[in-house]
Amino acid sequence: MSRLTVLYFASLRDAAGIASESVEADARDLRGLYESLRARHGFALPVERLRVAVDGAFARWDEAPRAGSEVAFIPPVSGG
Amino acid sequence: MSRLTVLYFASLRDAAGIASESVEADARDLRGLYESLRARHGFALPVERLRVAVDGAFARWDEAPRAGSEVAFIPPVSGG
Amino acid sequence: MQRFSLSEVPFEIAPLRERLLSAHAGAYASFEGWVRDHHSGRAVAGLRYESYAALAQSEGDTIMAEAIERFAIVDACCVHRVGDLAIGELAVWVGVSAAHRDAAFAACRFIIDETKGRVPIWKHERYADGDADWLHPTAPA
Amino acid sequence: MQRFSLSEVPFEIAPLRERLLSAHAGAYASFEGWVRDHHSGRAVAGLRYESYAALAQSEGDTIMAEAIERFAIVDACCVHRVGDLAIGELAVWVGVSAAHRDAAFAACRFIIDETKGRVPIWKHERYADGDADWLHPTAPA
């Protein structure tokens, strides 16, 4: 179990109703972490449409959740 | 014979030493008119590298010189 | 000079452009994105840009470094607004100086395309009919 | 609005850009040509643009009409300096507004390319070594 912080943006934040939360991650990788949070919050976006970042840098979905890290799920961007 | 005004620009004006002149054109077409003026003023540019305009609009080299018109020989442009 | 930045308030283009002026540069290309009054056929009342600021900054920095590396340009700058914007407001600005116009245009296009495609900024549109939505495009916008 | 014009004196970009702003336009692309301090390896001290004003105006008008016809743009404007210019001075400016950036970039590029290729304006460069010359390029510049 790793306690870490998750950040939510845009439609994910609206669906979760919070901008961030502290979670106990028991998933093997970041993909599994998203799937469990998606089930809890009812996120519409499948993992294939997201990117993931850890501590402010893009990361890979197969990385293991690290205790104390800050994980952000990045929905498709729409700046410009 | 048609009396008309010829305008010179850029290197043609420098070579002619004048910006315009009134000439008696006895050439059959505007190409012939340029050739005769090229011989007189020693223009370096051959007719193939120029465009010709009559009364402020681009014209064709095979047009006949018209009395009272204003003919301009247009060297390769270099604006921008 | 910080080439990429986010701005929470309206910003002036003139001083940014001024920094790109150079006696070695013969060409300057710029792009501005303005808030339009319509999108996909719907009347838009206004919008809000939200960003993941830390990652947006590092990804923006990366894009600018790539532009400097790839194109024969003198300098480049990009500023993206975040927060609430009204119709007609400036949302994003890109400026590029170069010796020649080919590189200036190509780099300017590259920077706006990459910014729209990669920088974690999200647009929340409010429509005239009272509806509102986050834009999460499926293909590169 | 006159879309193409020659200017014998330095001109301000801001009011010209202002006229292109529109609630329907989401994109604005612009190009500026500045007097560079070098050309083909030679140090340039300054230059002079001469034009055949009447024909330059009508050819410029034609180019702007072609741009409006060919591209899905809202509006466009182009101003070209004539007379003596110093290093760093603005020689030509093009601004284009459009709903989308593809059309804005394409039209902006079209206008500067056609202006350089077709409008009867000639550049007389003075070099640092005291020499001077008219530029009569053999291929499209």
# chains A, B, ... in the order shown; residues from 1 in each chain; ligands from 1
$ calpha_fit_and_write --fixed "chain C" --moving "chain D" --output "CSV table (one decimal) with C-alpha atoms, in the first residue's frame"
chain,number,residue,atom,x,y,z
D,1,MET,CA,14.2,35.3,-21.3
D,2,GLN,CA,11.4,32.8,-20.4
D,3,ARG,CA,10.1,31.7,-23.8
D,4,PHE,CA,6.9,30.1,-22.6
D,5,SER,CA,4.6,31.4,-19.9
D,6,LEU,CA,1.0,31.2,-18.6
D,7,SER,CA,-0.8,34.4,-17.7
D,8,GLU,CA,-3.7,34.6,-15.4
D,9,VAL,CA,-4.5,38.2,-16.6
D,10,PRO,CA,-4.7,39.9,-20.0
D,11,PHE,CA,-1.3,40.6,-21.3
D,12,GLU,CA,0.2,43.1,-23.8
D,13,ILE,CA,1.7,41.8,-27.0
D,14,ALA,CA,3.9,44.9,-27.8
D,15,PRO,CA,6.6,44.4,-25.2
D,16,LEU,CA,6.8,40.7,-26.0
D,17,ARG,CA,7.2,41.4,-29.7
D,18,GLU,CA,9.8,44.0,-28.8
D,19,ARG,CA,12.0,41.4,-27.2
D,20,LEU,CA,12.0,39.4,-30.5
D,21,LEU,CA,13.2,42.4,-32.6
D,22,SER,CA,16.8,41.9,-33.8
D,23,ALA,CA,19.0,43.4,-36.5
D,24,HIS,CA,19.8,39.9,-37.7
D,25,ALA,CA,16.1,39.0,-38.2
D,26,GLY,CA,14.4,39.9,-41.5
D,27,ALA,CA,11.2,38.0,-40.8
D,28,TYR,CA,8.7,37.9,-37.9
D,29,ALA,CA,5.7,35.6,-37.9
D,30,SER,CA,3.1,35.7,-35.2
D,31,PHE,CA,-0.2,33.9,-34.3
D,32,GLU,CA,-3.0,34.9,-32.0
D,33,GLY,CA,-5.9,32.8,-30.8
D,34,TRP,CA,-9.0,34.8,-29.9
D,35,VAL,CA,-12.1,33.6,-28.1
D,36,ARG,CA,-14.7,33.1,-30.8
D,37,ASP,CA,-18.4,33.6,-30.4
D,38,HIS,CA,-19.2,30.2,-31.8
D,39,HIS,CA,-17.9,26.6,-31.7
D,40,SER,CA,-19.1,23.6,-33.7
D,41,GLY,CA,-22.3,25.6,-34.5
D,42,ARG,CA,-23.1,26.6,-30.9
D,43,ALA,CA,-23.1,30.2,-29.7
D,44,VAL,CA,-20.4,30.6,-27.1
D,45,ALA,CA,-20.9,33.1,-24.2
D,46,GLY,CA,-17.4,32.8,-22.7
D,47,LEU,CA,-14.8,30.4,-21.5
D,48,ARG,CA,-12.3,29.4,-18.9
D,49,TYR,CA,-8.9,27.9,-19.4
D,50,GLU,CA,-7.6,25.7,-16.6
D,51,SER,CA,-4.1,24.3,-16.5
D,52,TYR,CA,-1.8,22.0,-14.6
D,53,ALA,CA,0.6,24.8,-14.2
D,54,ALA,CA,3.8,23.0,-13.3
D,55,LEU,CA,3.5,20.5,-16.1
D,56,ALA,CA,2.2,23.1,-18.6
D,57,GLN,CA,5.3,25.2,-17.9
D,58,SER,CA,7.8,22.3,-18.4
D,59,GLU,CA,6.0,21.0,-21.5
D,60,GLY,CA,5.8,24.6,-22.9
D,61,ASP,CA,9.5,25.0,-22.2
D,62,THR,CA,10.2,21.8,-24.0
D,63,ILE,CA,8.2,22.9,-27.1
D,64,MET,CA,10.1,26.2,-27.3
D,65,ALA,CA,13.5,24.4,-27.0
D,66,GLU,CA,12.4,22.0,-29.8
D,67,ALA,CA,11.4,25.0,-32.0
D,68,ILE,CA,14.8,26.6,-31.4
D,69,GLU,CA,16.5,23.3,-32.2
D,70,ARG,CA,14.5,22.4,-35.3
D,71,PHE,CA,14.1,25.7,-37.2
D,72,ALA,CA,16.6,28.4,-38.2
D,73,ILE,CA,15.0,31.1,-36.0
D,74,VAL,CA,16.5,33.9,-34.0
D,75,ASP,CA,14.0,33.7,-31.1
D,76,ALA,CA,10.5,32.8,-30.1
D,77,CYS,CA,7.9,33.4,-27.4
D,78,CYS,CA,4.5,32.0,-26.4
D,79,VAL,CA,2.1,33.1,-23.8
D,80,HIS,CA,-1.2,31.3,-23.0
D,81,ARG,CA,-4.0,32.8,-20.9
D,82,VAL,CA,-5.6,30.8,-18.1
D,83,GLY,CA,-8.7,31.8,-16.1
D,84,ASP,CA,-12.0,33.4,-17.4
D,85,LEU,CA,-12.0,34.9,-20.9
D,86,ALA,CA,-14.7,36.9,-22.7
D,87,ILE,CA,-15.5,36.8,-26.4
D,88,GLY,CA,-12.8,38.5,-28.4
D,89,GLU,CA,-10.1,38.2,-25.7
D,90,LEU,CA,-6.7,37.0,-26.6
D,91,ALA,CA,-6.2,33.4,-25.5
D,92,VAL,CA,-2.8,32.6,-26.8
D,93,TRP,CA,0.0,34.4,-28.6
D,94,VAL,CA,3.1,33.1,-30.5
D,95,GLY,CA,5.8,35.3,-31.9
D,96,VAL,CA,8.9,34.1,-33.9
D,97,SER,CA,11.8,36.1,-35.4
D,98,ALA,CA,14.1,34.6,-38.0
D,99,ALA,CA,16.5,35.6,-40.8
D,100,HIS,CA,14.0,34.3,-43.4
D,101,ARG,CA,10.3,33.9,-43.6
D,102,ASP,CA,10.2,30.1,-44.2
D,103,ALA,CA,11.6,29.4,-40.8
D,104,ALA,CA,9.5,32.0,-39.1
D,105,PHE,CA,6.3,30.7,-40.4
D,106,ALA,CA,7.2,27.0,-39.9
D,107,ALA,CA,8.3,27.6,-36.3
D,108,CYS,CA,5.3,29.7,-35.5
D,109,ARG,CA,3.0,27.0,-36.8
D,110,PHE,CA,4.9,24.3,-34.9
D,111,ILE,CA,4.7,26.1,-31.6
D,112,ILE,CA,0.9,26.7,-31.8
D,113,ASP,CA,0.2,23.2,-33.0
D,114,GLU,CA,2.3,21.6,-30.3
D,115,THR,CA,1.0,23.9,-27.6
D,116,LYS,CA,-2.6,22.9,-28.5
D,117,GLY,CA,-1.7,19.3,-28.7
D,118,ARG,CA,0.5,18.7,-25.7
D,119,VAL,CA,0.4,21.4,-23.1
D,120,PRO,CA,-2.0,20.5,-20.2
D,121,ILE,CA,-4.5,23.3,-20.6
D,122,TRP,CA,-8.2,22.7,-20.8
D,123,LYS,CA,-11.0,24.8,-22.2
D,124,HIS,CA,-14.3,25.1,-20.5
D,125,GLU,CA,-16.9,26.7,-22.8
D,126,ARG,CA,-20.1,28.3,-21.6
D,127,TYR,CA,-22.8,28.4,-24.2
D,128,ALA,CA,-25.5,31.0,-24.9
D,129,ASP,CA,-28.2,28.4,-24.0
D,130,GLY,CA,-26.8,28.1,-20.5
D,131,ASP,CA,-25.0,24.8,-21.0
D,132,ALA,CA,-21.3,24.4,-20.4
D,133,ASP,CA,-18.7,21.8,-21.2
D,134,TRP,CA,-15.1,20.8,-21.0
D,135,LEU,CA,-13.4,20.3,-24.3
D,136,HIS,CA,-11.6,17.0,-24.5
D,137,PRO,CA,-10.9,16.6,-28.3
D,138,THR,CA,-10.5,13.1,-29.6
D,139,ALA,CA,-8.1,14.1,-32.4
D,140,PRO,CA,-5.4,16.8,-32.5
D,141,ALA,CA,-7.5,20.0,-32.6
$ calpha_fit_and_write --fixed "chain A" --moving "chain B" --output "short mmCIF file (atom, residue, chain, number, x, y, z; two decimals) with N, CA and C atoms, in the first residue's frame"
data_model
loop_
_atom_site.label_atom_id
_atom_site.label_comp_id
_atom_site.auth_asym_id
_atom_site.auth_seq_id
_atom_site.Cartn_x
_atom_site.Cartn_y
_atom_site.Cartn_z
N MET B 1 0.86 -1.18 -0.03
CA MET B 1 0.02 0.02 -0.01
C MET B 1 0.90 1.27 0.00
N SER B 2 0.57 2.20 -0.93
CA SER B 2 1.33 3.45 -0.99
C SER B 2 0.37 4.61 -0.86
N ARG B 3 0.62 5.46 0.11
CA ARG B 3 -0.21 6.65 0.24
C ARG B 3 0.36 7.73 -0.67
N LEU B 4 -0.50 8.24 -1.57
CA LEU B 4 -0.04 9.26 -2.50
C LEU B 4 -1.17 10.25 -2.75
N THR B 5 -0.82 11.33 -3.44
CA THR B 5 -1.81 12.37 -3.75
C THR B 5 -2.18 12.28 -5.22
N VAL B 6 -3.49 12.35 -5.48
CA VAL B 6 -3.96 12.34 -6.87
C VAL B 6 -4.56 13.71 -7.18
N LEU B 7 -4.20 14.24 -8.38
CA LEU B 7 -4.75 15.52 -8.83
C LEU B 7 -5.76 15.26 -9.95
N TYR B 8 -6.89 15.99 -9.91
CA TYR B 8 -7.89 15.88 -10.96
C TYR B 8 -8.06 17.23 -11.66
N PHE B 9 -8.18 17.17 -12.98
CA PHE B 9 -8.36 18.39 -13.76
C PHE B 9 -9.58 18.29 -14.67
N ALA B 10 -10.13 19.45 -14.99
CA ALA B 10 -11.18 19.58 -16.01
C ALA B 10 -12.35 18.63 -15.70
N SER B 11 -12.77 17.81 -16.66
CA SER B 11 -13.96 16.98 -16.46
C SER B 11 -13.76 15.95 -15.36
N LEU B 12 -12.51 15.54 -15.13
CA LEU B 12 -12.26 14.58 -14.04
C LEU B 12 -12.52 15.24 -12.69
N ARG B 13 -12.10 16.52 -12.58
CA ARG B 13 -12.34 17.20 -11.31
C ARG B 13 -13.83 17.40 -11.08
N ASP B 14 -14.54 17.78 -12.15
CA ASP B 14 -15.99 17.95 -12.02
C ASP B 14 -16.65 16.65 -11.59
N ALA B 15 -16.22 15.53 -12.18
CA ALA B 15 -16.84 14.23 -11.86
C ALA B 15 -16.49 13.80 -10.43
N ALA B 16 -15.25 14.04 -10.02
CA ALA B 16 -14.83 13.64 -8.67
C ALA B 16 -15.39 14.60 -7.62
N GLY B 17 -15.61 15.84 -8.04
CA GLY B 17 -16.08 16.84 -7.09
C GLY B 17 -14.98 17.40 -6.22
N ILE B 18 -13.76 17.00 -6.50
CA ILE B 18 -12.59 17.48 -5.75
C ILE B 18 -11.42 17.66 -6.70
N ALA B 19 -10.49 18.56 -6.34
CA ALA B 19 -9.33 18.83 -7.18
C ALA B 19 -8.18 17.87 -6.88
N SER B 20 -8.19 17.33 -5.65
CA SER B 20 -7.14 16.37 -5.31
C SER B 20 -7.60 15.55 -4.12
N GLU B 21 -6.97 14.42 -3.94
CA GLU B 21 -7.27 13.62 -2.75
C GLU B 21 -6.06 12.75 -2.42
N SER B 22 -5.98 12.33 -1.17
CA SER B 22 -4.94 11.43 -0.73
C SER B 22 -5.52 10.03 -0.77
N VAL B 23 -4.82 9.12 -1.45
CA VAL B 23 -5.36 7.76 -1.56
C VAL B 23 -4.32 6.73 -1.13
N GLU B 24 -4.83 5.57 -0.69
CA GLU B 24 -3.99 4.40 -0.42
C GLU B 24 -4.03 3.57 -1.68
N ALA B 25 -2.93 3.54 -2.42
CA ALA B 25 -2.92 2.82 -3.69
C ALA B 25 -2.45 1.40 -3.49
N ASP B 26 -3.32 0.45 -3.83
CA ASP B 26 -2.88 -0.95 -3.77
C ASP B 26 -2.76 -1.54 -5.17
N ALA B 27 -2.89 -0.67 -6.18
CA ALA B 27 -2.78 -1.15 -7.56
C ALA B 27 -1.32 -1.44 -7.89
N ARG B 28 -1.10 -2.33 -8.87
CA ARG B 28 0.25 -2.71 -9.26
C ARG B 28 0.92 -1.59 -10.06
N ASP B 29 0.08 -0.88 -10.85
CA ASP B 29 0.65 0.20 -11.67
C ASP B 29 -0.34 1.37 -11.74
N LEU B 30 0.08 2.42 -12.42
CA LEU B 30 -0.74 3.64 -12.47
C LEU B 30 -2.03 3.41 -13.25
N ARG B 31 -1.98 2.48 -14.20
CA ARG B 31 -3.19 2.13 -14.94
C ARG B 31 -4.23 1.56 -13.97
N GLY B 32 -3.79 0.65 -13.13
CA GLY B 32 -4.69 0.05 -12.15
C GLY B 32 -5.21 1.08 -11.16
N LEU B 33 -4.35 2.01 -10.80
CA LEU B 33 -4.77 3.08 -9.88
C LEU B 33 -5.91 3.89 -10.53
N TYR B 34 -5.74 4.24 -11.82
CA TYR B 34 -6.80 5.01 -12.48
C TYR B 34 -8.08 4.21 -12.54
N GLU B 35 -7.97 2.93 -12.89
CA GLU B 35 -9.18 2.11 -13.02
C GLU B 35 -9.97 2.08 -11.71
N SER B 36 -9.25 1.95 -10.60
CA SER B 36 -9.95 1.89 -9.31
C SER B 36 -10.61 3.23 -8.99
N LEU B 37 -9.92 4.33 -9.32
CA LEU B 37 -10.50 5.65 -9.05
C LEU B 37 -11.64 5.94 -10.03
N ARG B 38 -11.52 5.42 -11.25
CA ARG B 38 -12.59 5.60 -12.23
C ARG B 38 -13.86 4.92 -11.73
N ALA B 39 -13.68 3.73 -11.18
CA ALA B 39 -14.84 3.00 -10.65
C ALA B 39 -15.47 3.77 -9.48
N ARG B 40 -14.61 4.34 -8.64
CA ARG B 40 -15.12 5.05 -7.47
C ARG B 40 -15.86 6.34 -7.86
N HIS B 41 -15.28 7.10 -8.81
CA HIS B 41 -15.84 8.42 -9.13
C HIS B 41 -16.73 8.44 -10.37
N GLY B 42 -16.75 7.33 -11.11
CA GLY B 42 -17.57 7.30 -12.32
C GLY B 42 -17.04 8.15 -13.46
N PHE B 43 -15.70 8.20 -13.62
CA PHE B 43 -15.10 8.97 -14.72
C PHE B 43 -15.55 8.40 -16.06
N ALA B 44 -15.91 9.27 -16.99
CA ALA B 44 -16.33 8.82 -18.31
C ALA B 44 -15.14 8.43 -19.18
N LEU B 45 -14.01 9.10 -19.01
CA LEU B 45 -12.87 8.88 -19.91
C LEU B 45 -12.14 7.57 -19.62
N PRO B 46 -11.98 6.73 -20.65
CA PRO B 46 -11.19 5.51 -20.48
C PRO B 46 -9.71 5.84 -20.41
N VAL B 47 -8.94 4.96 -19.83
CA VAL B 47 -7.51 5.21 -19.63
C VAL B 47 -6.80 5.49 -20.96
N GLU B 48 -7.28 4.90 -22.04
CA GLU B 48 -6.64 5.09 -23.36
C GLU B 48 -6.64 6.55 -23.80
N ARG B 49 -7.58 7.34 -23.29
CA ARG B 49 -7.66 8.73 -23.73
C ARG B 49 -6.90 9.69 -22.79
N LEU B 50 -6.28 9.14 -21.78
CA LEU B 50 -5.56 9.98 -20.81
C LEU B 50 -4.06 9.81 -20.93
N ARG B 51 -3.34 10.77 -20.36
CA ARG B 51 -1.92 10.59 -20.08
C ARG B 51 -1.78 10.69 -18.56
N VAL B 52 -0.66 10.22 -18.06
CA VAL B 52 -0.46 10.26 -16.62
C VAL B 52 0.87 10.97 -16.32
N ALA B 53 0.88 11.73 -15.24
CA ALA B 53 2.11 12.42 -14.83
C ALA B 53 2.36 12.13 -13.36
N VAL B 54 3.65 12.04 -13.02
CA VAL B 54 4.04 11.84 -11.62
C VAL B 54 5.00 12.95 -11.23
N ASP B 55 4.67 13.63 -10.15
CA ASP B 55 5.52 14.73 -9.65
C ASP B 55 5.86 15.74 -10.76
N GLY B 56 4.87 16.07 -11.56
CA GLY B 56 5.05 17.15 -12.53
C GLY B 56 5.73 16.76 -13.82
N ALA B 57 5.91 15.44 -14.09
CA ALA B 57 6.52 15.01 -15.35
C ALA B 57 5.70 13.86 -15.91
N PHE B 58 5.56 13.83 -17.24
CA PHE B 58 4.80 12.73 -17.83
C PHE B 58 5.44 11.39 -17.45
N ALA B 59 4.59 10.38 -17.21
CA ALA B 59 5.06 9.08 -16.76
C ALA B 59 4.41 7.99 -17.60
N ARG B 60 4.80 6.74 -17.36
CA ARG B 60 4.23 5.59 -18.08
C ARG B 60 3.17 4.92 -17.21
N TRP B 61 2.16 4.38 -17.89
CA TRP B 61 1.06 3.74 -17.17
C TRP B 61 1.50 2.50 -16.41
N ASP B 62 2.60 1.87 -16.86
CA ASP B 62 3.02 0.63 -16.18
C ASP B 62 3.96 0.88 -15.01
N GLU B 63 4.20 2.18 -14.70
CA GLU B 63 5.00 2.46 -13.50
C GLU B 63 4.19 2.14 -12.25
N ALA B 64 4.90 1.71 -11.22
CA ALA B 64 4.24 1.42 -9.94
C ALA B 64 3.97 2.72 -9.19
N PRO B 65 2.85 2.80 -8.50
CA PRO B 65 2.57 3.99 -7.67
C PRO B 65 3.64 4.09 -6.58
N ARG B 66 4.19 5.29 -6.40
CA ARG B 66 5.21 5.51 -5.38
C ARG B 66 4.63 6.27 -4.20
N ALA B 67 4.94 5.80 -3.00
CA ALA B 67 4.44 6.47 -1.79
C ALA B 67 4.94 7.91 -1.77
N GLY B 68 4.07 8.83 -1.42
CA GLY B 68 4.46 10.23 -1.28
C GLY B 68 4.48 11.00 -2.59
N SER B 69 4.21 10.32 -3.70
CA SER B 69 4.27 11.03 -4.98
C SER B 69 2.95 11.74 -5.27
N GLU B 70 2.98 12.60 -6.29
CA GLU B 70 1.79 13.33 -6.71
C GLU B 70 1.45 12.86 -8.13
N VAL B 71 0.33 12.20 -8.26
CA VAL B 71 -0.06 11.61 -9.55
C VAL B 71 -1.18 12.45 -10.16
N ALA B 72 -1.02 12.79 -11.46
CA ALA B 72 -2.06 13.56 -12.14
C ALA B 72 -2.52 12.80 -13.37
N PHE B 73 -3.82 12.71 -13.53
CA PHE B 73 -4.40 12.12 -14.74
C PHE B 73 -4.75 13.26 -15.68
N ILE B 74 -4.24 13.16 -16.91
CA ILE B 74 -4.33 14.28 -17.85
C ILE B 74 -5.34 13.97 -18.94
N PRO B 75 -6.53 14.56 -18.88
CA PRO B 75 -7.52 14.35 -19.95
C PRO B 75 -7.01 15.00 -21.24
N PRO B 76 -7.62 14.64 -22.38
CA PRO B 76 -7.21 15.26 -23.64
C PRO B 76 -7.23 16.79 -23.50
N VAL B 77 -6.13 17.43 -23.92
CA VAL B 77 -5.97 18.87 -23.69
C VAL B 77 -6.69 19.68 -24.78
N SER B 78 -7.02 20.92 -24.46
CA SER B 78 -7.75 21.77 -25.40
C SER B 78 -7.37 23.24 -25.25
N GLY B 79 -6.07 23.47 -25.09
CA GLY B 79 -5.61 24.85 -25.06
C GLY B 79 -5.56 25.43 -26.47
N GLY B 80 -5.17 26.70 -26.55
CA GLY B 80 -4.98 27.34 -27.85
C GLY B 80 -6.22 28.01 -28.38
#
$ select_by_dssp --residues "region 6-135 of chain D" --states "strand (DSSP E or B)" --output "PyMOL selection string"
chain D and resi 6-7+27-34+38-39+42-51+73-81+83-86+90-98+121-127+132-134
$ write_last_selection --atoms "N, CA and C atoms" --output "compact mmCIF listing (two decimals), in the first residue's frame"
# COMPACT_ATOMS: atom_id res chain seq x y z
N LEU D 6 0.50 51.44 -49.57
CA LEU D 6 1.91 51.81 -49.47
C LEU D 6 2.00 52.93 -48.45
N SER D 7 3.11 52.96 -47.71
CA SER D 7 3.28 54.03 -46.73
C SER D 7 4.65 54.65 -46.88
N ALA D 27 -8.72 33.01 -35.00
CA ALA D 27 -7.30 32.92 -35.35
C ALA D 27 -6.83 34.19 -36.06
N TYR D 28 -5.61 34.56 -35.77
CA TYR D 28 -5.00 35.74 -36.40
C TYR D 28 -3.54 35.41 -36.66
N ALA D 29 -3.14 35.51 -37.91
CA ALA D 29 -1.73 35.28 -38.26
C ALA D 29 -1.18 36.57 -38.84
N SER D 30 0.05 36.89 -38.49
CA SER D 30 0.63 38.10 -39.07
C SER D 30 2.08 37.85 -39.44
N PHE D 31 2.56 38.66 -40.37
CA PHE D 31 3.94 38.59 -40.81
C PHE D 31 4.50 40.00 -40.86
N GLU D 32 5.76 40.14 -40.46
CA GLU D 32 6.45 41.41 -40.59
C GLU D 32 7.80 41.18 -41.25
N GLY D 33 8.13 42.03 -42.19
CA GLY D 33 9.46 42.02 -42.78
C GLY D 33 10.23 43.20 -42.21
N TRP D 34 11.40 42.92 -41.64
CA TRP D 34 12.24 43.96 -41.05
C TRP D 34 13.52 44.11 -41.87
N HIS D 38 22.21 42.30 -42.80
CA HIS D 38 23.06 41.58 -43.75
C HIS D 38 22.19 41.01 -44.86
N HIS D 39 22.80 40.79 -46.02
CA HIS D 39 22.10 40.18 -47.15
C HIS D 39 23.12 39.49 -48.03
N ARG D 42 26.68 40.14 -47.16
CA ARG D 42 27.20 41.51 -47.12
C ARG D 42 26.53 42.30 -46.00
N ALA D 43 27.31 43.14 -45.34
CA ALA D 43 26.76 43.99 -44.27
C ALA D 43 25.96 45.12 -44.91
N VAL D 44 24.71 45.25 -44.51
CA VAL D 44 23.82 46.26 -45.08
C VAL D 44 23.72 47.45 -44.13
N ALA D 45 23.85 48.67 -44.69
CA ALA D 45 23.79 49.88 -43.86
C ALA D 45 22.37 50.46 -43.83
N GLY D 46 21.62 50.21 -44.89
CA GLY D 46 20.25 50.73 -44.95
C GLY D 46 19.71 50.48 -46.34
N LEU D 47 18.45 50.84 -46.56
CA LEU D 47 17.90 50.60 -47.88
C LEU D 47 16.78 51.58 -48.21
N ARG D 48 16.42 51.55 -49.47
CA ARG D 48 15.35 52.39 -49.95
C ARG D 48 14.43 51.54 -50.81
N TYR D 49 13.14 51.68 -50.58
CA TYR D 49 12.16 51.02 -51.44
C TYR D 49 11.55 52.05 -52.36
N GLU D 50 11.55 51.71 -53.65
CA GLU D 50 10.89 52.56 -54.63
C GLU D 50 9.73 51.78 -55.23
N SER D 51 8.66 52.44 -55.59
CA SER D 51 7.55 51.71 -56.19
C SER D 51 7.01 52.45 -57.40
N ILE D 73 -11.12 33.20 -44.83
CA ILE D 73 -10.66 34.19 -43.86
C ILE D 73 -11.73 35.24 -43.61
N VAL D 74 -11.60 35.93 -42.50
CA VAL D 74 -12.55 37.00 -42.17
C VAL D 74 -12.11 38.31 -42.83
N ASP D 75 -10.83 38.64 -42.67
CA ASP D 75 -10.32 39.87 -43.28
C ASP D 75 -8.80 39.82 -43.35
N ALA D 76 -8.21 40.74 -44.10
CA ALA D 76 -6.77 40.77 -44.25
C ALA D 76 -6.32 42.18 -44.59
N CYS D 77 -5.07 42.47 -44.28
CA CYS D 77 -4.53 43.80 -44.54
C CYS D 77 -3.02 43.68 -44.79
N CYS D 78 -2.51 44.52 -45.67
CA CYS D 78 -1.07 44.53 -45.96
C CYS D 78 -0.61 45.96 -46.20
N VAL D 79 0.47 46.35 -45.54
CA VAL D 79 1.05 47.68 -45.75
C VAL D 79 2.54 47.50 -46.06
N HIS D 80 3.00 48.18 -47.11
CA HIS D 80 4.41 48.10 -47.50
C HIS D 80 5.01 49.50 -47.45
N ARG D 81 6.14 49.62 -46.80
CA ARG D 81 6.86 50.90 -46.75
C ARG D 81 7.52 51.21 -48.09
N GLY D 83 10.42 54.39 -49.59
CA GLY D 83 11.32 55.43 -49.11
C GLY D 83 12.53 54.83 -48.40
N ASP D 84 13.22 55.67 -47.61
CA ASP D 84 14.44 55.25 -46.93
C ASP D 84 14.12 54.54 -45.62
N LEU D 85 14.76 53.40 -45.41
CA LEU D 85 14.56 52.63 -44.17
C LEU D 85 15.92 52.31 -43.54
N ALA D 86 15.95 52.36 -42.22
CA ALA D 86 17.16 52.01 -41.47
C ALA D 86 17.08 50.54 -41.02
N LEU D 90 10.50 48.43 -39.87
CA LEU D 90 9.47 47.59 -40.45
C LEU D 90 9.29 47.94 -41.93
N ALA D 91 9.46 46.92 -42.81
CA ALA D 91 9.36 47.15 -44.25
C ALA D 91 7.99 46.76 -44.78
N VAL D 92 7.43 45.68 -44.23
CA VAL D 92 6.12 45.22 -44.70
C VAL D 92 5.42 44.50 -43.57
N TRP D 93 4.12 44.65 -43.53
CA TRP D 93 3.29 43.98 -42.51
C TRP D 93 2.07 43.37 -43.17
N VAL D 94 1.76 42.14 -42.77
CA VAL D 94 0.56 41.45 -43.24
C VAL D 94 -0.20 40.93 -42.02
N GLY D 95 -1.49 41.14 -41.96
CA GLY D 95 -2.32 40.59 -40.89
C GLY D 95 -3.56 39.94 -41.47
N VAL D 96 -3.92 38.76 -40.94
CA VAL D 96 -5.08 38.02 -41.44
C VAL D 96 -5.88 37.46 -40.27
N SER D 97 -7.19 37.66 -40.27
CA SER D 97 -8.05 37.04 -39.27
C SER D 97 -8.92 35.99 -39.95
N ALA D 98 -9.22 34.92 -39.21
CA ALA D 98 -10.00 33.81 -39.77
C ALA D 98 -10.64 33.05 -38.62
N ILE D 121 7.64 46.95 -56.54
CA ILE D 121 8.42 47.64 -55.52
C ILE D 121 9.84 47.11 -55.66
N TRP D 122 10.80 48.02 -55.57
CA TRP D 122 12.21 47.62 -55.73
C TRP D 122 13.01 48.07 -54.55
N LYS D 123 13.94 47.20 -54.17
CA LYS D 123 14.79 47.45 -53.01
C LYS D 123 16.18 47.91 -53.46
N HIS D 124 16.60 49.03 -52.92
CA HIS D 124 17.94 49.54 -53.22
C HIS D 124 18.73 49.44 -51.92
N GLU D 125 19.72 48.55 -51.89
CA GLU D 125 20.48 48.32 -50.67
C GLU D 125 21.79 49.11 -50.68
N ARG D 126 22.08 49.75 -49.53
CA ARG D 126 23.37 50.39 -49.35
C ARG D 126 24.17 49.49 -48.41
N TYR D 127 25.40 49.19 -48.86
CA TYR D 127 26.23 48.27 -48.08
C TYR D 127 27.23 49.04 -47.21
N ALA D 132 26.37 50.17 -53.38
CA ALA D 132 24.90 50.17 -53.32
C ALA D 132 24.38 49.47 -54.56
N ASP D 133 23.19 48.88 -54.47
CA ASP D 133 22.68 48.15 -55.63
C ASP D 133 21.17 47.98 -55.58
N TRP D 134 20.58 47.93 -56.77
CA TRP D 134 19.17 47.55 -56.89
C TRP D 134 19.09 46.04 -56.88
$ select_by_dssp --residues "region 6-64 of chain B" --states "alpha helix (DSSP H)" --output "MDAnalysis selection string"
chainID B and resid 10:16 30:41
$ decode --residues "region 105-112 of chain D" --atoms "C-alpha atoms" --output "JSON list (two decimals), in the first residue's frame"
[["chain", "number", "residue", "atom", "x", "y", "z"],
["D", 105, "PHE", "CA", -1.58, 30.99, -41.86],
["D", 106, "ALA", "CA", -2.15, 30.02, -45.51],
["D", 107, "ALA", "CA", -3.58, 33.40, -46.48],
["D", 108, "CYS", "CA", -0.86, 35.30, -44.62],
["D", 109, "ARG", "CA", 1.81, 33.31, -46.43],
["D", 110, "PHE", "CA", 0.05, 33.77, -49.76],
["D", 111, "ILE", "CA", -0.16, 37.55, -49.34],
["D", 112, "ILE", "CA", 3.49, 38.06, -48.44]]
